[in-house]
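J.: Can you read through this structure? Questions will come right after.
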Protein chains: 4
Amino acid sequence: MANTKHSRSAKGTASGSTRSQIEAAAIRLFAEKGVTETSIRDIGAAVDITEGALYRHFHSKDQLVRLLFERHYIAFAERLEALAATEHTAREKVAAMIRGFCAAHDEDPRLFRFLLFVQHGQLGKLAPGAPTPVDAVRAVVDAGIAAGEIPRQDPDLATALVFGVVLQPVQFSAYGRIAPEMTPLSGHLEAAAWAALTAV
Amino acid sequence: MANTKHSRSAKGTASGSTRSQIEAAAIRLFAEKGVTETSIRDIGAAVDITEGALYRHFHSKDQLVRLLFERHYIAFAERLEALAATEHTAREKVAAMIRGFCAAHDEDPRLFRFLLFVQHGQLGKLAPGAPTPVDAVRAVVDAGIAAGEIPRQDPDLATALVFGVVLQPVQFSAYGRIAPEMTPLSGHLEAAAWAALTAV
Amino acid sequence: MANTKHSRSAKGTASGSTRSQIEAAAIRLFAEKGVTETSIRDIGAAVDITEGALYRHFHSKDQLVRLLFERHYIAFAERLEALAATEHTAREKVAAMIRGFCAAHDEDPRLFRFLLFVQHGQLGKLAPGAPTPVDAVRAVVDAGIAAGEIPRQDPDLATALVFGVVLQPVQFSAYGRIAPEMTPLSGHLEAAAWAALTAV
Amino acid sequence: MANTKHSRSAKGTASGSTRSQIEAAAIRLFAEKGVTETSIRDIGAAVDITEGALYRHFHSKDQLVRLLFERHYIAFAERLEALAATEHTAREKVAAMIRGFCAAHDEDPRLFRFLLFVQHGQLGKLAPGAPTPVDAVRAVVDAGIAAGEIPRQDPDLATALVFGVVLQPVQFSAYGRIAPEMTPLSGHLEAAAWAALTAV
DNA sequence: GATGAATGAGAATTCATTCAT
DNA sequence: GATGAATGAATTCTCATTCAT
């Protein structure tokens with residue numbers, strides 16, 4: 001009953017099921033090295049199981065990537081939608097979403113970067129109707145323009161501006177050019193995003 | 001009349017030296033699929049030569065990547081510096097640089113994406129003193145803050161805002177969410193960037 | 001009855017673990033063709049596994065070579081030392097070692113040739129303090145000179161003479177110029193070696 | 001008409017025809033690294049010509065190896081025969097040949113090692129009647145036994161003893177274990193070889 | 001659930017050789 | 001005679017995946 005051959009507690013923090021350990025390790029490695037650069041073996045090693053054992057939990061590497069991406073991407077989209085629903089003006093909705101971006105980043109920077117930067121070619125594979133963070137922001141922009149709170153402009157471009165204002169600082173923080181936490185910047189980013197949106 | 005062994009005209013556009021064809025194909029493929037996802041064989045096939053022949057022109061895949069990145073990255077940085085030098089106020093300098101970003105993108109969108117999105121891994125390998133686009137923008141921001149034209153703020157974060165405003169629309173255009181050309185948007189982006197910079 | 005995918009009995013003698021079969025095949029091929037001339041694929045084919053499977057057992061070709069060389073080279077050196085320790089006079093020690101050379105050769109001529117002829121390139125990679133056959137013989141020569149049993153001379157040259165007397169016949173046997181077994185010659189070689197050592 | 005692009009004087013000592021430079025470089029590289037480990041390109045680089053140009057002088061790498069080996073191997077055999085012919089007793093003949101080995105080594109150690117150590121698999125390809133150094137020594141041994149100067153024994157083994165006494169010190173010198181020159185040792189080696197031959 | 005050996009398809013790279021210029 | 005680009009096969013090594021135990 002004691003530890004067999006490979007103690008599990010060496011690397012993994014022994015927390016959670018093997019499956020969730022695998023998912024956490026995969027996200028971390030995907031974010032750090034990229035999907036292609038991470039091998040099934042790398043993931044197994046991080047959780048102290050062999051490659052073969054991984055296939056007990058996932059059909060393929062591709063399925064693992066898709067699964068992780070979809071689940072968290074959609075969850076993040078819904079989180080943004082919920083945050084926007086809390087507020088009433090476009091300005092407040094945008095601000096709430098930006099705070100949501102910052103919070104999500106600070107809670108799990110690796111997951112955040114996996115979802116928003118890592119080239120996984122999974123975007124095109126999302127179910128057609130699934131909500132995305134881009135949709136969430138765009139819906140707020142659309143409504144804001146319709147309500148006259150935001151000047152008339154290409155809503156997709158406006159959405160890009162909001163994303164740019166929030167995502168580029170994340171990149172800079174990943175490269176160590178600015179501090180690692182986004183939340184302290186959220187006030188500044190809210191103002192910058194709103195200014196960009198209304199600068200036409 | 002048919003293709004003979006050495007005819008190069010099948011796929012390659014028969015334009016330029018083999019070497020420059022290789023470089024163009026490599027940039028295109030790197031931008032489209034990523035560096036790791038592009039094999040030497042892929043590049044060779046795009047130029048209609050065998051893998052081995054590539055090594056007549058480049059010592060290794062790594063050298064090819066580094067070469068392409070460094071050459072164009074530094075050239076782009078210098079181009080931005082030169083554009084900024086044309087103007088006198090911070091606002092005009094920022095505007096000129098944004099126009100430069102848009103023009104560079106429209107001239108060769110694949111190269112632009114290779115430099116700005118795909119190859120972050122190469123950033124650390126640049127010669128220490130080499131100028132970068134980030135430096136170019138930051139220098140303008142620094143001067144603008146010193147001159148009181150831009151409100152006092154973290155210059156790195158300010159630089160990130162400018163990059164975000166211009167880079168995220170490029171991402172959206174690559175995904176087909178907005179029109180492929182950046183230049184028509186440059187006026188809008190100039191205004192948005194300046195608004196973001198002065199929103200504190 | 002026919003070969004199934006995983007049957008190992010076709011070429012390999014089905015004896016021992018895959019790992020030891022690989023080692024045996026590698027030594028045989030290295031001795032017959034040389035290390036560079038033996039490909040990983042050759043070794044795999046001799047054991048009826050694919051190239052990739054070899055890497056489950058060895059990290060690299062280089063590691064395989066080094067491993068085989070070190071293990072057996074040091075073991076042979078220790079064997080010679082032990083044989084010398086059995087005897088009391090220099091003459092008897094030399095004779096015992098030469099018998100050891102002959103016995104080792106006859107037990108596994110391929111291993112013997114791999115160690116003594118093929119892998120000189122590995123000599124420099126041995127751990128600094130590791131015992132070698134050369135050291136073993138030289139120690140006996142040193143002691144013999146010190147004890148006055150062997151005439152004063154360059155001990156390294158004297159060591160070379162012993163090696164030459166025993167190794168060159170091995171070469172000749174490999175080329176079919178003399179009989180394949182060394183043991184029947186050991187008496188003759190003992191006398192010749194001692195004569196060479198004392199001929200100054 | 002002056003030096004074009006690649007000056008020839010950089011590495012090659014500009015001595016002799018291109019062809020003889022190639023041969024010298026090939027022998028050197030073969031002796032230093034081995035035949036398989038030396039590429040056509042290596043040889044070309046050593047003489048400052050391109051790979052293609054080499055094929056103007058030799059049909060193939062194999063032919064180059066064969067050519068170099070045969071020519072010098074036979075020449076060395078004839079040299080040994082001539083030396084033996086100078087003397088009248090077996091003892092003097094053996095001594096003269098050993099002096100010949102030492103002289104040949106010291107004149108061109110690389111050539112010597114290429115002929116006598118490097119794995120080139122060329123021995124079997126020699127024309128059947130061609131004289132070899134082994135034949136030269138064996139002939140002297142045969143005659144010596146017939147004349148009663150050397151005790152009755154296997155002449156091939158006796159030949160091996162002579163080779164061993166002279167070749168092993170060359171190996172040791174190549175590894176830096178003894179001084180690089182053989183000629184100073186020839187007296188010692190003569191005595192050792194004769195002692196080994198007559199030790200039965 | 002997990003192990004560990006194995007497969008088979010690439011990947012990057014090297015190399016002998018050829019050939020148009 | 002020489003260049004330099006090209007071929008095509010071979011080499012070492014990696015990797016996603018499978019499967020008997």
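Naming scheme: A, B, ... for chains in displayed order of the structure tokens; residues 1 onward per chain; ligands 1 onward as shown.
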Counting only C-alpha atoms (C1' of nucleotides), what is within 9 Å of segment 23-36 of chain A, bar same-chain residues fewer than 6 positions away, as number ranges by chain?
T.: A: 12, 42-44, 46-47, 64-65, 68, 109-115, 117-120; B: 36-37
J.: Write out as an MDAnalysis selection string which residues come within 10 Å of segment 81-94 of chain D when counting only C-alpha atoms (C1' of nucleotides), dropping same-chain ones fewer than 2 positions away.
T.: chainID D and resid 75:79 96:100 131:133 135:137 139:145 147:150 162 190:191 193:194 197
J.: Output as a Markdown table one row per residue of chain B within 7 Å of chain A: the closest atom pair and its distance in Å to one decimal place, counting only C-alpha atoms, sorted by chain and residue number ascending.
T.:
| residue | atom | partner | partner_atom | distance |
| --- | --- | --- | --- | --- |
| B:Thr36 | CA | A:Thr36 | CA | 7.0 |
| B:Asp156 | CA | A:Ile178 | CA | 6.5 |
| B:Leu157 | CA | A:Pro169 | CA | 6.4 |
| B:Ala160 | CA | A:Pro169 | CA | 5.3 |
| B:Leu161 | CA | A:Val165 | CA | 5.3 |
| B:Phe163 | CA | A:Gln168 | CA | 6.7 |
| B:Gly164 | CA | A:Gly164 | CA | 3.8 |
| B:Val165 | CA | A:Gly164 | CA | 5.2 |
| B:Leu167 | CA | A:Gly164 | CA | 6.9 |
| B:Gln168 | CA | A:Gly164 | CA | 4.9 |
| B:Pro169 | CA | A:Ala160 | CA | 5.3 |
| B:Phe172 | CA | A:Ala160 | CA | 6.7 |
| B:Arg177 | CA | A:Asp156 | CA | 6.7 |
| B:Ile178 | CA | A:Asp156 | CA | 6.4 |
| B:His188 | CA | A:Val200 | CA | 6.2 |
| B:Ala191 | CA | A:Ala199 | CA | 5.7 |
| B:Ala192 | CA | A:Ala196 | CA | 4.1 |
| B:Ala193 | CA | A:Ala196 | CA | 6.5 |
| B:Ala195 | CA | A:Ala195 | CA | 5.2 |
| B:Ala196 | CA | A:Ala192 | CA | 4.1 |
| B:Leu197 | CA | A:Ala192 | CA | 6.9 |
| B:Ala199 | CA | A:Ala192 | CA | 5.3 |
| B:Val200 | CA | A:His188 | CA | 6.2 |
J.: With only C-alpha atoms (C1' of nucleotides) as the atoms that count, which of B:Leu67, B:Ala45, B:Leu54, B:Ile22 lies nearest to chain E?
T.: B:Leu54
J.: Where does chain B meet chain E within 9 Å, residue by residue, with the nearest atom pair and distance in Å to one decimal for each, counting only C-alpha atoms (C1' of nucleotides), listed by chain and rising number, as a tab-separated table?
T.:
residue	atom	partner	partner_atom	distance
B:Ser39	CA	E:DA11	C1'	7.3
B:Ile40	CA	E:DA12	C1'	7.7
B:Gly52	CA	E:DT13	C1'	8.2
B:Tyr55	CA	E:DT13	C1'	8.5
B:Ser60	CA	E:DT13	C1'	8.1
B:Lys61	CA	E:DA12	C1'	7.9
J.: Dump all heavy atoms for the selected residues as a compact mmCIF listing (two decimals), in the first residue's frame?
T.:
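Printed below is result-v9.txt as written:
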# COMPACT_ATOMS: atom_id res chain seq x y z
N SER B 39 8.46 22.58 -41.96
CA SER B 39 9.67 21.77 -42.10
C SER B 39 10.52 22.28 -43.25
O SER B 39 10.05 22.96 -44.16
CB SER B 39 9.31 20.31 -42.35
OG SER B 39 8.82 20.15 -43.65
N ILE B 40 11.79 21.94 -43.16
CA ILE B 40 12.70 22.26 -44.23
C ILE B 40 12.17 21.74 -45.56
O ILE B 40 12.30 22.37 -46.60
CB ILE B 40 14.08 21.63 -43.91
CG1 ILE B 40 14.76 22.43 -42.80
CG2 ILE B 40 14.97 21.56 -45.12
CD1 ILE B 40 15.23 23.79 -43.23
N GLY B 52 18.01 18.86 -49.16
CA GLY B 52 19.46 19.00 -49.16
C GLY B 52 19.93 20.29 -49.80
O GLY B 52 20.89 20.91 -49.35
N TYR B 55 20.49 23.46 -47.81
CA TYR B 55 21.68 23.60 -46.97
C TYR B 55 22.85 24.18 -47.73
O TYR B 55 23.88 24.49 -47.14
CB TYR B 55 22.03 22.27 -46.32
CG TYR B 55 21.04 21.92 -45.24
CD1 TYR B 55 19.86 21.27 -45.54
CD2 TYR B 55 21.26 22.32 -43.93
CE1 TYR B 55 18.93 20.98 -44.55
CE2 TYR B 55 20.35 22.04 -42.95
CZ TYR B 55 19.18 21.38 -43.26
OH TYR B 55 18.26 21.11 -42.28
N SER B 60 21.55 25.97 -41.33
CA SER B 60 20.58 25.22 -40.55
C SER B 60 19.26 25.97 -40.56
O SER B 60 19.20 27.15 -40.93
CB SER B 60 21.06 25.07 -39.11
OG SER B 60 21.06 26.34 -38.47
N LYS B 61 18.24 25.28 -40.17
CA LYS B 61 16.93 25.92 -40.08
C LYS B 61 17.01 27.08 -39.08
O LYS B 61 16.49 28.16 -39.33
CB LYS B 61 15.91 24.89 -39.61
CG LYS B 61 14.49 25.42 -39.55
CD LYS B 61 13.54 24.35 -39.03
CE LYS B 61 12.13 24.91 -38.90
NZ LYS B 61 11.19 23.90 -38.37
J.: Once you count only C-alpha atoms (C1' of nucleotides), what closest atom pair and distance in Å to one decimal does each residue of chain D within 8 Å of chain F have, with rows by chain and rising residue number, as a tab-separated table?
T.:
residue	atom	partner	partner_atom	distance
D:Ile49	CA	F:DA2	C1'	7.8
D:Thr50	CA	F:DT3	C1'	7.1
D:Gly52	CA	F:DT3	C1'	7.6
D:Ala53	CA	F:DA2	C1'	5.6
D:Arg56	CA	F:DG1	C1'	7.3
J.: Put those residues in a file: N, CA and C atoms, as a compact mmCIF listing (two decimals), in the first residue's frame.
T.:
# COMPACT_ATOMS: atom_id res chain seq x y z
N ILE D 49 39.52 23.82 -52.78
CA ILE D 49 38.72 23.69 -54.00
C ILE D 49 37.37 23.11 -53.59
N THR D 50 36.44 23.18 -54.50
CA THR D 50 35.10 22.68 -54.17
C THR D 50 35.02 21.18 -54.43
N GLY D 52 32.99 19.49 -56.24
CA GLY D 52 32.88 19.13 -57.65
C GLY D 52 34.23 19.02 -58.33
N ALA D 53 35.12 19.92 -57.97
CA ALA D 53 36.42 19.94 -58.63
C ALA D 53 37.20 18.66 -58.34
N ARG D 56 37.06 15.97 -60.85
CA ARG D 56 37.85 16.16 -62.05
C ARG D 56 39.13 15.30 -61.94
